[in-house]
Every structure is written in structure tokens, then in C-alpha cells.
$ cat run_22.cif   # mmCIF, C-alpha atoms
data_coords
#
loop_
_atom_site.label_atom_id
_atom_site.label_comp_id
_atom_site.auth_asym_id
_atom_site.auth_seq_id
_atom_site.Cartn_x
_atom_site.Cartn_y
_atom_site.Cartn_z
CA MET A 131 83.04 149.39 187.06
CA THR A 132 85.42 149.37 184.11
CA GLU A 133 87.26 146.74 182.06
CA VAL A 134 91.00 146.25 182.54
CA PHE A 135 93.30 145.27 179.68
CA VAL A 136 96.93 144.29 179.33
CA HIS A 137 98.67 145.34 176.13
CA VAL A 138 101.55 143.07 175.13
CA TYR A 139 104.51 144.17 173.01
CA ASP A 140 107.47 142.42 171.41
CA VAL A 141 110.65 143.76 173.03
CA THR A 142 112.25 145.45 170.03
CA ASN A 143 114.21 148.27 171.65
CA SER A 144 117.64 146.99 170.62
CA ALA A 145 119.88 149.22 168.52
CA SER A 146 120.34 146.26 166.19
CA VAL A 147 117.67 145.75 163.54
CA LYS A 148 118.69 142.10 163.22
CA THR A 149 118.30 141.54 166.96
CA ASN A 150 114.83 143.09 166.94
CA ALA A 151 113.79 140.97 163.97
CA ALA A 152 115.14 137.85 165.68
CA ILE A 153 113.11 138.58 168.84
CA VAL A 154 109.93 139.04 166.80
CA GLN A 155 110.53 135.71 165.05
CA LEU A 156 111.36 134.04 168.39
CA ASN A 157 108.13 135.32 169.92
CA LYS A 158 106.13 134.10 166.93
CA LEU A 159 107.66 130.65 167.30
CA PHE A 160 107.27 130.32 171.06
CA ARG A 161 103.98 132.18 171.49
CA ASP A 162 102.08 131.40 168.27
CA GLY A 163 103.71 128.13 167.33
CA ILE A 164 104.39 126.38 170.64
CA GLY A 165 102.33 128.54 173.00
CA VAL A 166 104.89 128.78 175.79
CA GLY A 167 105.69 132.50 175.78
CA GLY A 168 108.45 134.81 174.59
CA ILE A 169 110.23 138.10 175.35
CA PHE A 170 107.49 140.63 176.01
CA HIS A 171 106.77 144.06 177.47
CA SER A 172 103.38 144.64 179.03
CA ALA A 173 101.26 147.58 180.20
CA VAL A 174 97.88 147.79 181.94
CA GLU A 175 95.04 149.97 180.71
CA VAL A 176 92.31 151.15 183.09
CA TYR A 177 90.30 154.32 182.35
CA ASP A 178 91.15 157.25 180.08
CA TYR A 179 92.75 155.22 177.27
CA GLU A 180 96.10 155.22 179.05
CA GLU A 181 98.35 152.29 179.82
CA TRP A 182 100.67 152.00 182.83
CA SER A 183 103.93 150.11 183.11
CA PHE A 184 107.35 150.10 184.76
CA GLY A 185 110.92 150.57 183.58
CA TYR A 186 114.42 151.49 184.66
CA CYS A 187 115.55 155.02 185.53
CA GLU A 188 118.28 156.27 187.87
CA ASN A 189 116.12 158.69 189.83
CA GLY A 190 112.45 158.78 190.78
CA SER A 191 109.70 156.30 190.11
CA GLY A 192 109.93 153.74 187.36
CA VAL A 193 106.14 153.81 186.88
CA PHE A 194 105.10 155.63 183.70
CA SER A 195 102.18 155.91 181.30
CA CYS A 196 101.55 156.46 177.60
CA SER A 197 98.62 156.22 175.23
CA ARG A 198 97.24 152.68 174.97
CA LYS A 199 99.05 150.46 172.45
CA GLY A 200 101.30 153.42 171.74
CA ASN A 201 104.64 152.73 173.47
CA PRO A 202 107.21 153.89 170.89
CA LEU A 203 110.02 151.68 172.26
CA TYR A 204 108.36 148.36 171.44
CA THR A 205 106.26 146.67 168.78
CA TYR A 206 102.61 146.23 169.75
CA ARG A 207 101.48 142.61 169.59
CA GLU A 208 98.11 141.90 171.22
CA THR A 209 95.63 142.84 173.94
CA VAL A 210 94.15 140.57 176.61
CA SER A 211 91.14 141.39 178.81
CA LEU A 212 91.75 140.81 182.53
CA GLY A 213 88.21 141.38 183.76
CA PHE A 214 86.47 144.29 185.45
CA THR A 215 87.48 146.39 188.44
CA THR A 216 85.00 148.09 190.75
CA PHE A 217 87.48 150.86 191.55
CA SER A 218 86.63 154.43 190.63
CA ARG A 219 89.09 156.70 188.82
CA LEU A 220 89.97 158.27 192.16
CA LYS A 221 90.72 154.90 193.74
CA VAL A 222 92.81 153.82 190.73
CA ASN A 223 94.82 157.02 191.01
CA GLN A 224 95.42 156.29 194.69
CA VAL A 225 96.69 152.82 193.82
CA LEU A 226 99.01 154.26 191.17
CA THR A 227 100.37 156.79 193.65
CA GLU A 228 101.19 153.98 196.09
CA LEU A 229 102.82 151.88 193.38
CA SER A 230 104.87 154.84 192.19
CA ARG A 231 106.47 155.03 195.63
CA GLU A 232 106.95 151.27 195.89
CA TRP A 233 108.54 150.84 192.45
CA PRO A 234 111.52 153.22 192.08
CA GLY A 235 113.28 153.04 188.72
CA TYR A 236 116.60 151.88 190.15
CA SER A 237 114.94 148.71 191.53
CA TYR A 238 114.26 147.37 188.04
CA ASP A 239 115.60 143.85 187.45
CA LEU A 240 115.16 142.00 184.17
CA LEU A 241 114.39 138.65 185.82
CA SER A 242 112.82 139.39 189.18
CA ARG A 243 111.32 142.92 188.99
CA ASN A 244 110.40 143.91 185.47
CA CYS A 245 107.40 145.51 183.76
CA ASN A 246 105.43 142.26 183.84
CA HIS A 247 105.92 141.86 187.59
CA PHE A 248 104.66 145.44 188.02
CA CYS A 249 101.57 144.74 185.91
CA ASP A 250 100.82 141.65 187.99
CA GLN A 251 101.01 143.76 191.15
CA PHE A 252 98.82 146.47 189.63
CA CYS A 253 96.19 143.92 188.58
CA GLU A 254 96.20 142.36 192.03
CA ARG A 255 95.51 145.77 193.60
CA LEU A 256 92.69 146.35 191.10
CA GLY A 257 91.10 143.03 192.02
CA VAL A 258 91.33 141.50 188.54
CA GLN A 259 93.18 138.44 187.24
CA LYS A 260 96.92 138.58 186.74
CA LEU A 261 98.72 138.46 183.40
CA PRO A 262 98.58 135.22 181.41
CA ALA A 263 101.50 133.01 182.43
CA TRP A 264 103.06 133.06 178.96
CA VAL A 265 103.71 136.83 179.14
CA ASN A 266 106.45 136.52 181.76
CA ARG A 267 107.38 132.84 181.51
CA PHE A 268 110.93 133.42 180.23
CA ALA A 269 111.77 135.82 183.07
CA ASN A 270 110.27 133.47 185.67
CA ALA A 271 112.24 130.54 184.28
CA GLY A 272 115.44 132.59 184.29
CA ASP A 273 114.82 133.78 187.84
CA ALA A 274 114.22 130.19 189.00
CA ALA A 275 117.47 129.11 187.35
CA VAL A 276 119.41 131.89 189.08
CA GLU A 277 117.85 130.97 192.43
CA ALA A 278 118.79 127.32 191.92
CA VAL A 279 122.40 128.27 191.20
CA GLU A 280 122.52 130.55 194.25
CA ASN A 281 121.12 127.80 196.49
CA THR A 282 123.67 125.33 195.13
CA MET A 283 126.51 127.77 195.83
CA LYS A 284 125.23 128.28 199.38
CA ARG A 285 125.21 124.52 199.98
CA LEU A 286 128.74 124.21 198.59
CA ARG A 287 129.98 127.03 200.84
CA GLN A 288 128.34 125.37 203.85
CA ALA A 289 129.89 122.01 202.97
CA LYS A 290 133.30 123.68 202.70
CA THR A 291 132.82 125.33 206.11
CA ASP A 292 131.78 122.02 207.69
CA PHE A 293 134.79 120.24 206.16
CA ILE A 294 137.24 122.85 207.46
CA LEU A 295 135.68 122.67 210.94
CA ALA A 296 135.90 118.87 210.98
CA SER A 297 139.53 119.04 209.85
CA LYS A 298 140.39 121.43 212.67
CA VAL A 299 138.75 119.16 215.24
CA ALA A 300 140.63 116.13 213.91
CA TYR A 301 143.92 118.04 213.91
CA ARG A 302 143.48 119.13 217.52
CA PHE A 303 142.57 115.60 218.56
CA LEU A 304 145.68 114.12 216.97
CA PHE A 305 148.14 116.51 218.53
CA ALA A 306 146.37 116.66 221.88
CA SER A 307 146.69 112.86 222.04
CA ALA A 308 150.42 113.11 221.39
CA SER A 309 150.93 114.92 224.69
CA THR A 310 149.22 112.27 226.87
CA SER A 311 150.33 108.91 228.25
CA CYS A 312 147.94 107.25 225.85
CA VAL A 313 150.18 107.91 222.89
CA SER A 314 151.55 104.86 221.17
CA PRO A 315 155.01 103.93 222.45
CA ASP A 316 156.20 103.82 218.86
CA LEU A 317 157.93 107.16 219.27
CA GLY A 318 161.59 107.92 219.06
CA LEU A 319 164.18 110.57 218.53
CA LEU A 320 164.54 112.06 215.10
CA ASP A 321 167.34 110.63 213.01
CA GLY A 322 170.59 112.32 213.94
CA ASP A 323 169.45 113.36 217.40
CA ALA A 324 171.82 112.52 220.23
CA PRO A 325 170.52 110.02 222.85
CA ASN A 326 171.31 112.48 225.61
CA GLY A 327 168.94 115.04 224.13
CA SER A 328 171.68 117.44 223.03
CA GLY A 329 170.61 117.09 219.42
CA GLY A 330 167.11 118.45 220.08
CA SER A 331 163.79 117.46 221.50
CA LEU A 332 161.73 116.80 218.34
CA LEU A 333 160.13 113.38 218.23
CA ARG A 334 159.33 111.16 215.29
CA LEU A 335 155.55 110.78 215.45
CA SER A 336 155.11 107.48 213.66
CA PHE A 337 151.35 107.52 214.27
CA LEU A 338 151.08 110.14 211.53
CA LYS A 339 152.13 107.41 209.09
CA SER A 340 150.23 104.63 210.81
CA PRO A 341 146.92 105.83 212.34
CA VAL A 342 146.35 102.34 213.79
CA ASN A 343 149.06 103.07 216.35
CA LEU A 344 147.53 106.39 217.35
CA ILE A 345 146.24 105.19 220.72
CA SER A 346 148.03 102.70 222.90
CA LYS A 347 146.20 99.42 223.29
CA ASN A 348 146.94 99.55 227.01
CA CYS A 349 145.00 102.79 227.28
CA LEU A 350 141.95 101.11 225.73
CA GLY A 351 142.16 98.21 228.17
CA PHE A 352 143.54 95.65 225.69
CA GLN A 353 146.54 93.48 226.25
CA ASP A 354 149.20 92.66 223.72
CA PRO A 355 148.65 89.01 222.61
CA ASP A 356 152.43 88.46 222.38
CA ALA A 357 152.85 89.63 225.93
CA VAL A 358 150.14 87.23 227.11
CA GLU A 359 151.84 84.26 225.47
CA LYS A 360 155.21 85.15 226.99
CA SER A 361 153.71 85.34 230.46
#
$ encode --input "run_22.cif" --output "C-alpha cells"
Amino acid sequence: MTEVFVHVYDVTNSASVKTNAAIVQLNKLFRDGIGVGGIFHSAVEVYDYEEWSFGYCENGSGVFSCSRKGNPLYTYRETVSLGFTTFSRLKVNQVLTELSREWPGYSYDLLSRNCNHFCDQFCERLGVQKLPAWVNRFANAGDAAVEAVENTMKRLRQAKTDFILASKVAYRFLFASASTSCVSPDLGLLDGDAPNGSGGSLLRLSFLKSPVNLISKNCLGFQDPDAVEKS
């Protein structure tokens, strides 16, 4: 049995000194002042004074190790104990071999598959508690926001599809009705057409301007009140 630790770093790998300083100050405010988190890198230590983490690379595994608290790309911040694992060195090495295959470097994603997500997975395999929530809170919040936007866009695309489908059905209904005996009698030749049909066969479809006249009242079984009075 051995104790497992997570080492937390401020992400200060920017080429800009001002940016790095701003991130350190941001982390102090949100982690130390408010207690909600910040922009952090993490790595898990188990046996042999080495820490393991995950990062981007074009080829091969993104899983890598370095001496504990000694990652040169970031600024070490603090260490948190995650409990004890019953795994032997051999078993831990087997877990790391599996994770190395499962976490290729090209799969790295800042919001949904970063070093903190890897450390959570590693800790779960070791049978210890996961990282404190504040370590990866910013990435989780960003990932949730992206998912919400994607879901909204999907709903909008579906609504657009449904609207187009309904429009097509309505269009077919209108023009199918025009070819039946149930069409309103308020039809006539287009202006300028000859009565004998020599001017063309296009009809003025007045129901397009007045939907109330779309279907003849006779076809629905109603009688014209004027006609009833005259009779």
C-alpha cells in the first residue's frame, strides 16, 4: 500500500510573461480568495517519486512522466493527498501501460480531455479519490457551455427541418386542391386571355389571396345562405 498524491501547477507555459503573471494572479484570486478554482495543470504521483500526466503530441501516447513537482513547463503550486492504493508497483505499471494506449497525444482537448481528466481516470483505476473539483472546474464549465450551445444548434436545425417539411406539405395540399372539383369557383382567366382559350390556359387562382375561398362550401356540405333565400 502506498499514498497517492496530485501535484497542482499554475499553467504558465505562455510565451508572454504578462500572460503567465496574469494567470498566476487569476488563480490566486479564484482559488485562494474565492475558492472556486482556476487554470491548472495536474500530475499524479504513485511510487518512485515520479508524477504522471497527459499532454498533446502528434504521434504516440500523450502520457508522460517527470520528477515530482518538477515539470519545467509550469509553476508548481500545491500538493493534495488522494488516499492510499493497494496496487503494487507492477500493477501500477500495468495500469499506466493501458492508459498509454488509451490516451494518444492527438486526442488531447483543452475542455473535454486534458491532463486533469487523465489524472481523474488514473486515480479511478488506482482505487483512490478523484481530483478536488476546483482543479478542473474551469474546463468542466467551459465544456458544459459548449455542449449547451451544440444542443441549442441541434434543436434549431431540427426546427428548421420541421418547418420546411410542413411548408412542403401545405404547398402540395394547396395545389392538389386546385385540380379537384372542390376548388372554389372564384377562378377565372388571366387578364388579357381570350375567352376562347387562344390566349392561354393559365388561371387566376384567387384562393392564394383569399384562403377562406380555398375549398368550396358545397364540397363541405354547406349551402350558400343567399341561394337559400332566393329559393
$ residues_around --input "run_22.cif" --residues "His137 in chain A" --least-positions-apart "3" --cutoff "8 Å" --atoms "only C-alpha atoms" --output "list in words"
Ser172, Ala173, Val174, Glu175, Glu181, Arg198, Lys199, Tyr206, Arg207, Glu208, Thr209 and Val210 of chain A
$ residues_around --input "run_22.cif" --residues "Phe217 in chain A" --least-positions-apart "3" --cutoff "8 Å" --atoms "all atoms listed in the file" --output "MDAnalysis selection string"
chainID A and resid 131:132 220:222 256
$ atom_distance --input "run_22.cif" --atom1 "CA of Gln251 in chain A" --atom2 "CA of Thr216 in chain A"
16.6 Å
$ residues_near_point --input "run_22.cif" --point "(107.0, 146.2, 174.9)" --cutoff "7 Å" --atoms "only C-alpha atoms" --output "number ranges by chain"
A: 138-141, 170-172, 203-206
$ residues_around --input "run_22.cif" --residues "Cys196 in chain A" --least-positions-apart "2" --cutoff "8 Å" --atoms "all atoms listed in the file" --output "PDB file with C-alpha atoms, keeping the file's coordinate frame"
ATOM      1  CA  GLU A 180      96.100 155.220 179.050  1.00  0.00           C
ATOM      2  CA  GLU A 181      98.350 152.290 179.820  1.00  0.00           C
ATOM      3  CA  TRP A 182     100.670 152.000 182.830  1.00  0.00           C
ATOM      4  CA  PHE A 194     105.100 155.630 183.700  1.00  0.00           C
ATOM      5  CA  ARG A 198      97.240 152.680 174.970  1.00  0.00           C
ATOM      6  CA  GLY A 200     101.300 153.420 171.740  1.00  0.00           C
ATOM      7  CA  ASN A 201     104.640 152.730 173.470  1.00  0.00           C
TER       8      ASN A 201
END
$ resolve_selection --input "run_22.cif" --expression "the PyMOL selection byres ((chain A and resi 257-271) around 8)" --output "ChimeraX atom specification"
/A:134,136,138,161,165-170,172,212-215,240-242,246-247,249-251,253-256,272-275
